[in-house]
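Enquirer: Got a structure for you, questions after.
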Amino acid sequence: MNQFKGETSLLSEKKERFSSSGFIFAAIGSSVGLGNMWKFPYITGENGGAAFFLLFIVCLVLIGLPVLLAELAIGRSGRGSAATSFIRAGGGRGWKAAGILQVVAPFLILSFYIIVAGWTLNYALIAFNGQLFSTSDYAGQFGSFISGYMPIVWQGVAMLITAGVVILGVSGGIEKFNKVLIPGLVVLLIVLMIRAVTLPGSGEGVSFFLKPDFSVLTAESALVALGHAFFSLSLGMGILLTYGSYVDKRQSLGSAALAIGAGDLVYAFIAGLIIFPTTFSFGIAPDQGPSLIFIALPAAFSAMPFGSFFGGLFFILLAIAALTSAVSLLEVPVSFAMERWNWSRQRAVWILSLICFLLGIPSAMSLGMFPELTFGGKALFDWMDFITSNIMLPLGGLLITIFAGYFWKGAAEAAGLQARWFRIWLFMLRYVAPVLVFLVLLHTSGILTF
């Protein structure tokens with residue numbers, strides 16, 4: 001533990017802090033990402049619609065929120081980067097590897113996530129200028145785009161925007177960025193939801209999303225719902241450990257966890273009321289993964305009145321969601337570099353952003369420009385997604401539950417919960433969450449199949 005005292009002096013003594021509201025906005029911004037706009041409809045469509053959504057809510061409340069609170073409490077107790085939070089919170093040196101995992105995972109995620117963020121920026125531009133709707137061959141248009149060099153250009157633009165926010169610091173950059181964009185995101189969500197639910201034939205989509213049929217649920221549905229609850233809350237990827245270290249000691253972590261969970265849930269709910277009414281109105285299957293956003297939905301927008309306007313708003317919505325998450329992902333390794341090597345924030349941001357950009361180029365090229373960058377039937381982009389989302393994140397979440405439930409002696413004081421709620425929280429972390437998260441890890445890694 002002495003090894004980290006000098007390394008963390010800068011963070012522990014001069015570390016920036018979020019304001020109370022700024023922390024909530026930033027944490028919601030980290031959870032509001034692309035997943036709830038394309039992955040959530042896709043997995044919901046495959047797993048029973050409304051019944052799956054209710055299952056997702058149960059998983060988010062019973063498992064997601066306790067783990068979320070644990071991450072925030074560990075981060076605030078440690079007051080270091082994600083890499084040293086476990087040790088500084090009182091864990092032994094054996095937890096160093098768990099901390100490093102929490103830094104490596106978000107950095108790798110950002111390397112390919114920023115590619116898709118660039119796509120959303122490009123599509124927002126071509127939707128508003130009419131270029132997107134100048135053809136009816138949306139699959140060909142998307143294929144032509146990802147086969148050229150422009151995705152790398154837009155990847156660079158998205159990376160520069162992300163770096164520009166993070167370089168301004170916690171309160172001056174990340175907090176202000178989210179305080180402006182998250183309310184704007186809410187406005188766009190509401191406008192697009194009103195447009196979607198008033199489309200002809202949208203009622204069938206609303207019913208699919210809000211009227212449950214529990215007979216279609218399976219054991220796999222439960223694991224998928226739990227996995228998405230983890231992913232949508234940004235659990236297991238070091239973000240909440242890092243943001244927790246920026247939280248004032250007077251901040252109620254229990255209330256903060258509830259607010260973050262509520263924000264994530266509301267976003268998923270409104271996203272569902274945008275995607276499902278729109279897809280059902282135009283006869284589009286909602287289980288098409290990334291192609292739903294960039295191929296199927298443009299066709300739907302082109303067929304509705306003022307489609308270019310609403311299509312542009314939709315892709316701006318996606319771009320905002322992508323960038324708020326990208327900012328959170330970059331802050332994790334930046335915090336680590338500042339702590340470990342005593343780098344200035346500016347140096348850490350520019351060096352790590354450049355490395356991340358360069359690391360992402362092969363992934364971008366594997367989707368079209370160089371399709372031979374394929375291994376075992378998966379493009380390099382898909383491998384990066386699989387390794388981080390299906391293995392590293394569930395493993396990170398599992399380690400959080402084990403540490404907080406069994407090894408952390410300061411859990412009660414750090415969480416700040418009343419005795420009754422603390423006992424419930426500890427029970428979930430010790431006896432429920434580890435088992436379920438381990439099953440998710442087995443399932444997402446392909447070991448456990450149904």
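We name chains A, B, ... following the order of the structure tokens; residues begin at 1 in each chain, and ligands are numbered from 1 as shown.
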Just list the residues in region 103-212 of chain A DSSP gives alpha helix (DSSP H) on the backbone, as an MDAnalysis selection string.

Expert: chainID A and resid 103:128 138:147 150:166 176:197 202:210

Enquirer: Within 12 Å of Ile402 (chain A), counting only C-alpha atoms, which residues show up once you throw out same-chain ones fewer than 6 positions away? Write them as a list in words, please.

Expert: Val67, Ala70, Glu71, Phe86, Gly91, Trp95, Ala98, Leu395, Gly396, Trp408, Leu426, Phe427, Met428, Leu429, Arg430, Tyr431, Val432, Ala433, Pro434, Val435, Val437 and Phe438 of chain A

Enquirer: Write to file, as a PDB file, in the first residue's frame, the residues of the selection just made, with C-alpha atoms.

Expert:
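The result, written out as out26.pdb:
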ATOM      1  CA  VAL A  67     -23.475  -2.921  -7.202  1.00  0.00           C
ATOM      2  CA  ALA A  70     -20.749  -0.399  -3.969  1.00  0.00           C
ATOM      3  CA  GLU A  71     -18.692   1.086  -6.827  1.00  0.00           C
ATOM      4  CA  PHE A  86      -9.604  -1.287  -3.995  1.00  0.00           C
ATOM      5  CA  GLY A  91      -8.069  -4.180   0.282  1.00  0.00           C
ATOM      6  CA  TRP A  95      -6.686  -6.505  -5.482  1.00  0.00           C
ATOM      7  CA  ALA A  98      -8.762  -6.020 -10.201  1.00  0.00           C
ATOM      8  CA  LEU A 395     -15.701 -10.004 -14.511  1.00  0.00           C
ATOM      9  CA  GLY A 396     -15.173  -6.467 -13.210  1.00  0.00           C
ATOM     10  CA  TRP A 408     -14.210  -4.572   2.634  1.00  0.00           C
ATOM     11  CA  LEU A 426     -24.755  -6.565   2.167  1.00  0.00           C
ATOM     12  CA  PHE A 427     -27.000  -9.618   1.736  1.00  0.00           C
ATOM     13  CA  MET A 428     -27.470  -8.819  -1.966  1.00  0.00           C
ATOM     14  CA  LEU A 429     -23.746  -8.295  -2.469  1.00  0.00           C
ATOM     15  CA  ARG A 430     -22.763 -11.485  -0.642  1.00  0.00           C
ATOM     16  CA  TYR A 431     -25.363 -14.045  -1.608  1.00  0.00           C
ATOM     17  CA  VAL A 432     -27.302 -12.885  -4.669  1.00  0.00           C
ATOM     18  CA  ALA A 433     -25.270 -10.610  -6.925  1.00  0.00           C
ATOM     19  CA  PRO A 434     -22.081 -12.731  -7.144  1.00  0.00           C
ATOM     20  CA  VAL A 435     -23.988 -15.855  -8.196  1.00  0.00           C
ATOM     21  CA  VAL A 437     -23.169 -12.015 -12.184  1.00  0.00           C
ATOM     22  CA  PHE A 438     -21.050 -15.172 -12.428  1.00  0.00           C
TER      23      PHE A 438
END

Enquirer: Which residues, written as a list in words, have at least one atom at most 8 Å from Ser366 (chain A), with only C-alpha atoms counted and residues fewer than 5 positions away on the same chain left out?

Expert: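 Final neighbour list, sorted by chain and number: Pro371, Glu372, Leu373, Thr374, Ala379, Leu380 and Phe381 of chain A.
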
Enquirer: Residues of region 116-182 of chain A that approach region 307-330 of chain A to 6 Å or less, counting only C-alpha atoms: could you list each one with the shortest pair of atoms and its distance in Å to one decimal, rows by chain and increasing residue number, as CSV?

Expert:
residue,atom,partner,partner_atom,distance
A:Ala117,CA,A:Ala322,CA,5.3
A:Thr120,CA,A:Ala319,CA,5.2
A:Leu121,CA,A:Ala319,CA,5.7
A:Ala124,CA,A:Phe315,CA,4.7
A:Ala127,CA,A:Gly312,CA,4.9
A:Phe128,CA,A:Gly312,CA,5.1
A:Thr162,CA,A:Val327,CA,5.3

Enquirer: What does the file look like for those residues with N, CA, C and O atoms, as an mmCIF file, in the first residue's frame?

Expert:
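As a result, selection-v8.cif now contains:
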data_model
loop_
_atom_site.group_PDB
_atom_site.id
_atom_site.type_symbol
_atom_site.label_atom_id
_atom_site.label_comp_id
_atom_site.auth_asym_id
_atom_site.auth_seq_id
_atom_site.Cartn_x
_atom_site.Cartn_y
_atom_site.Cartn_z
ATOM 1 N N ALA A 117 -19.495 6.467 -32.349
ATOM 2 C CA ALA A 117 -19.814 7.873 -32.059
ATOM 3 C C ALA A 117 -19.569 8.728 -33.296
ATOM 4 O O ALA A 117 -20.352 9.632 -33.610
ATOM 5 N N THR A 120 -22.415 8.392 -35.757
ATOM 6 C CA THR A 120 -23.608 9.167 -35.415
ATOM 7 C C THR A 120 -23.445 10.639 -35.792
ATOM 8 O O THR A 120 -24.405 11.280 -36.231
ATOM 9 N N LEU A 121 -22.235 11.182 -35.613
ATOM 10 C CA LEU A 121 -21.991 12.573 -36.015
ATOM 11 C C LEU A 121 -22.155 12.734 -37.522
ATOM 12 O O LEU A 121 -22.772 13.700 -37.993
ATOM 13 N N ALA A 124 -25.874 12.484 -38.436
ATOM 14 C CA ALA A 124 -26.615 13.690 -38.063
ATOM 15 C C ALA A 124 -26.439 14.772 -39.124
ATOM 16 O O ALA A 124 -27.402 15.452 -39.510
ATOM 17 N N ALA A 127 -28.185 13.716 -42.450
ATOM 18 C CA ALA A 127 -29.651 13.710 -42.309
ATOM 19 C C ALA A 127 -30.204 15.112 -42.476
ATOM 20 O O ALA A 127 -31.203 15.327 -43.171
ATOM 21 N N PHE A 128 -29.551 16.086 -41.849
ATOM 22 C CA PHE A 128 -30.034 17.463 -41.937
ATOM 23 C C PHE A 128 -29.814 18.077 -43.315
ATOM 24 O O PHE A 128 -30.641 18.874 -43.780
ATOM 25 N N THR A 162 -14.315 14.607 -27.464
ATOM 26 C CA THR A 162 -14.204 13.948 -26.162
ATOM 27 C C THR A 162 -12.996 14.465 -25.392
ATOM 28 O O THR A 162 -13.089 14.809 -24.206
#

Enquirer: Write out as CSV a residue-level contact list of region 327-437 of chain A versus region 242-254 of chain A with cut-off 8 Å: for each qualifying residue the closest pair of atoms and the distance in Å to one decimal, counting only C-alpha atoms, rows sorted by chain and residue number upward.

Expert:
residue,atom,partner,partner_atom,distance
A:Glu331,CA,A:Thr242,CA,7.8
A:Val332,CA,A:Thr242,CA,6.1
A:Ser335,CA,A:Thr242,CA,7.4
A:Ala415,CA,A:Leu253,CA,6.6
A:Gly416,CA,A:Leu253,CA,7.2
A:Leu417,CA,A:Gly254,CA,7.0

Enquirer: Skipping near chain neighbours, those fewer than 3 positions away, what residues fall within 10 Å of Val186 (chain A) using only C-alpha atoms, listed as a list in words?

Expert: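 These residues fall inside the cut-off: Leu181, Ile182, Pro183, Leu189, Ile190, Val191, Leu192, Val266, Tyr267, Ile270 and Leu317 of chain A.
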
Enquirer: With only C-alpha atoms as the atoms that count, which of A:Ala51, A:Ile115, A:Cys356, A:Ala271 lies nearest to Ala196 (chain A)?

Expert: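 Looking at the shortest contact to Ala196 (chain A), the residue is A:Ala271.
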
Enquirer: Distance CA of Ile152 (chain A)-CA of Val116 (chain A), one decimal place?

Expert: 10.3 Å

Enquirer: When you look at Ile24 (chain A) with a cut-off of 9 Å (counting only C-alpha atoms), what residues show up, excluding the ones that are within fewer than 6 positions of it in the same chain? I need them as an MDAnalysis selection string.

Expert: chainID A and resid 18 256:257 259:260

Enquirer: Using CA of Gly33 (chain A) and CA of Leu352 (chain A) as the two end points, give the distance in Å to one decimal.

Expert: 21.2 Å

Enquirer: What's the 8 Å shell around Met392 (chain A), counting only C-alpha atoms, without same-chain residues fewer than 3 positions away, as number ranges by chain?

Expert: A: 101, 105, 236, 387-389, 395-396

Enquirer: Using the selection just defined, write its residues with N, CA, C and O atoms as a PDB file, in the first residue's frame.

Expert:
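Final output, result-v5.pdb:
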ATOM      1  N   LEU A 101      -7.726  -3.937 -14.173  1.00  0.00           N
ATOM      2  CA  LEU A 101      -8.786  -4.361 -15.095  1.00  0.00           C
ATOM      3  C   LEU A 101      -9.801  -3.245 -15.306  1.00  0.00           C
ATOM      4  O   LEU A 101     -10.292  -3.029 -16.422  1.00  0.00           O
ATOM      5  N   ALA A 105     -10.265  -1.969 -19.295  1.00  0.00           N
ATOM      6  CA  ALA A 105     -11.544  -2.226 -19.955  1.00  0.00           C
ATOM      7  C   ALA A 105     -12.137  -0.971 -20.599  1.00  0.00           C
ATOM      8  O   ALA A 105     -12.475  -0.989 -21.788  1.00  0.00           O
ATOM      9  N   GLY A 236     -18.753  -2.125 -13.645  1.00  0.00           N
ATOM     10  CA  GLY A 236     -17.634  -2.984 -13.958  1.00  0.00           C
ATOM     11  C   GLY A 236     -16.634  -2.405 -14.933  1.00  0.00           C
ATOM     12  O   GLY A 236     -15.756  -3.125 -15.409  1.00  0.00           O
ATOM     13  N   ILE A 387     -14.713  -9.146 -26.207  1.00  0.00           N
ATOM     14  CA  ILE A 387     -13.781  -9.304 -25.088  1.00  0.00           C
ATOM     15  C   ILE A 387     -14.096  -8.343 -23.947  1.00  0.00           C
ATOM     16  O   ILE A 387     -14.075  -8.713 -22.770  1.00  0.00           O
ATOM     17  N   THR A 388     -14.400  -7.101 -24.292  1.00  0.00           N
ATOM     18  CA  THR A 388     -14.656  -6.110 -23.244  1.00  0.00           C
ATOM     19  C   THR A 388     -16.066  -6.249 -22.661  1.00  0.00           C
ATOM     20  O   THR A 388     -16.223  -6.360 -21.436  1.00  0.00           O
ATOM     21  N   SER A 389     -17.086  -6.249 -23.516  1.00  0.00           N
ATOM     22  CA  SER A 389     -18.472  -6.253 -23.035  1.00  0.00           C
ATOM     23  C   SER A 389     -18.886  -7.583 -22.443  1.00  0.00           C
ATOM     24  O   SER A 389     -19.644  -7.637 -21.464  1.00  0.00           O
ATOM     25  N   LEU A 395     -16.737  -9.628 -15.466  1.00  0.00           N
ATOM     26  CA  LEU A 395     -15.701 -10.004 -14.511  1.00  0.00           C
ATOM     27  C   LEU A 395     -15.422  -8.855 -13.546  1.00  0.00           C
ATOM     28  O   LEU A 395     -15.272  -9.067 -12.328  1.00  0.00           O
ATOM     29  N   GLY A 396     -15.368  -7.634 -14.065  1.00  0.00           N
ATOM     30  CA  GLY A 396     -15.173  -6.467 -13.210  1.00  0.00           C
ATOM     31  C   GLY A 396     -16.297  -6.308 -12.209  1.00  0.00           C
ATOM     32  O   GLY A 396     -16.067  -6.020 -11.020  1.00  0.00           O
TER      33      GLY A 396
END

Enquirer: Between CA of Leu188 (chain A) and CA of Phe209 (chain A), what is the spacing in Å?

Expert: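 Going from CA of Phe209 (chain A) over to CA of Leu188 (chain A), I get 20.2 Å.
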
Enquirer: Which residue, A:Lys211, A:Gly78, A:Leu68, A:Ser232, has the smallest gap to Gly29 (chain A) when you use only C-alpha atoms?

Expert: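 Distance minimum relative to Gly29 (chain A) lands on A:Ser232.
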
Enquirer: For region 273-277 of chain A, please output as a list in words all residues within 9 Å (counting only C-alpha atoms; exclusion window: fewer than 6 positions along the same chain).

Expert: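 With the cut-off at 9 Å, the set is Met37, Trp38, Pro41, Gly45, Leu189, Ile190, Leu192, Met193, Ile194, Arg195, Ala196, Val197, Thr198, Leu199, Gly201, Ser202, Gly203, Glu204, Gly205, Val206, Ser207, Phe208, Phe209, Pro286 and Leu297 of chain A.
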
Enquirer: Determine the nearest neighbour of Ile161 (chain A) from the options A:Ser215, A:Ser353, A:Gln141, A:Ser21, counting only C-alpha atoms.

Expert: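 Selected residue with least distance to Ile161 (chain A): A:Ser353.
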
Enquirer: Could you check which of A:Ile239, A:Ile167, A:Val103, A:Ile28 is closest to Ser344 (chain A), using only C-alpha atoms?

Expert: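 Checking each candidate against Ser344 (chain A), we get A:Ile167 as the closest.
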
Enquirer: Using only C-alpha atoms, find the one residue out of A:Val32, A:Val166, A:Phe25, A:Leu359 that sits nearest to Arg347 (chain A).

Expert: A:Val166

Enquirer: Kindly indicate which residue among A:Gln102, A:Asn122, A:Ser363, A:Ser85 lies nearest to Ala404 (chain A), using only C-alpha atoms for the distances.

Expert: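 When distances to Ala404 (chain A) are compared using only C-alpha atoms, the smallest one comes from A:Ser85.
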
Enquirer: List every residue of region 168-386 of chain A that DSSP, applied to the backbone, labels as strand (DSSP E), and write the result as JSON, numbers by chain.

Expert: {"A": [374, 375, 378, 379]}
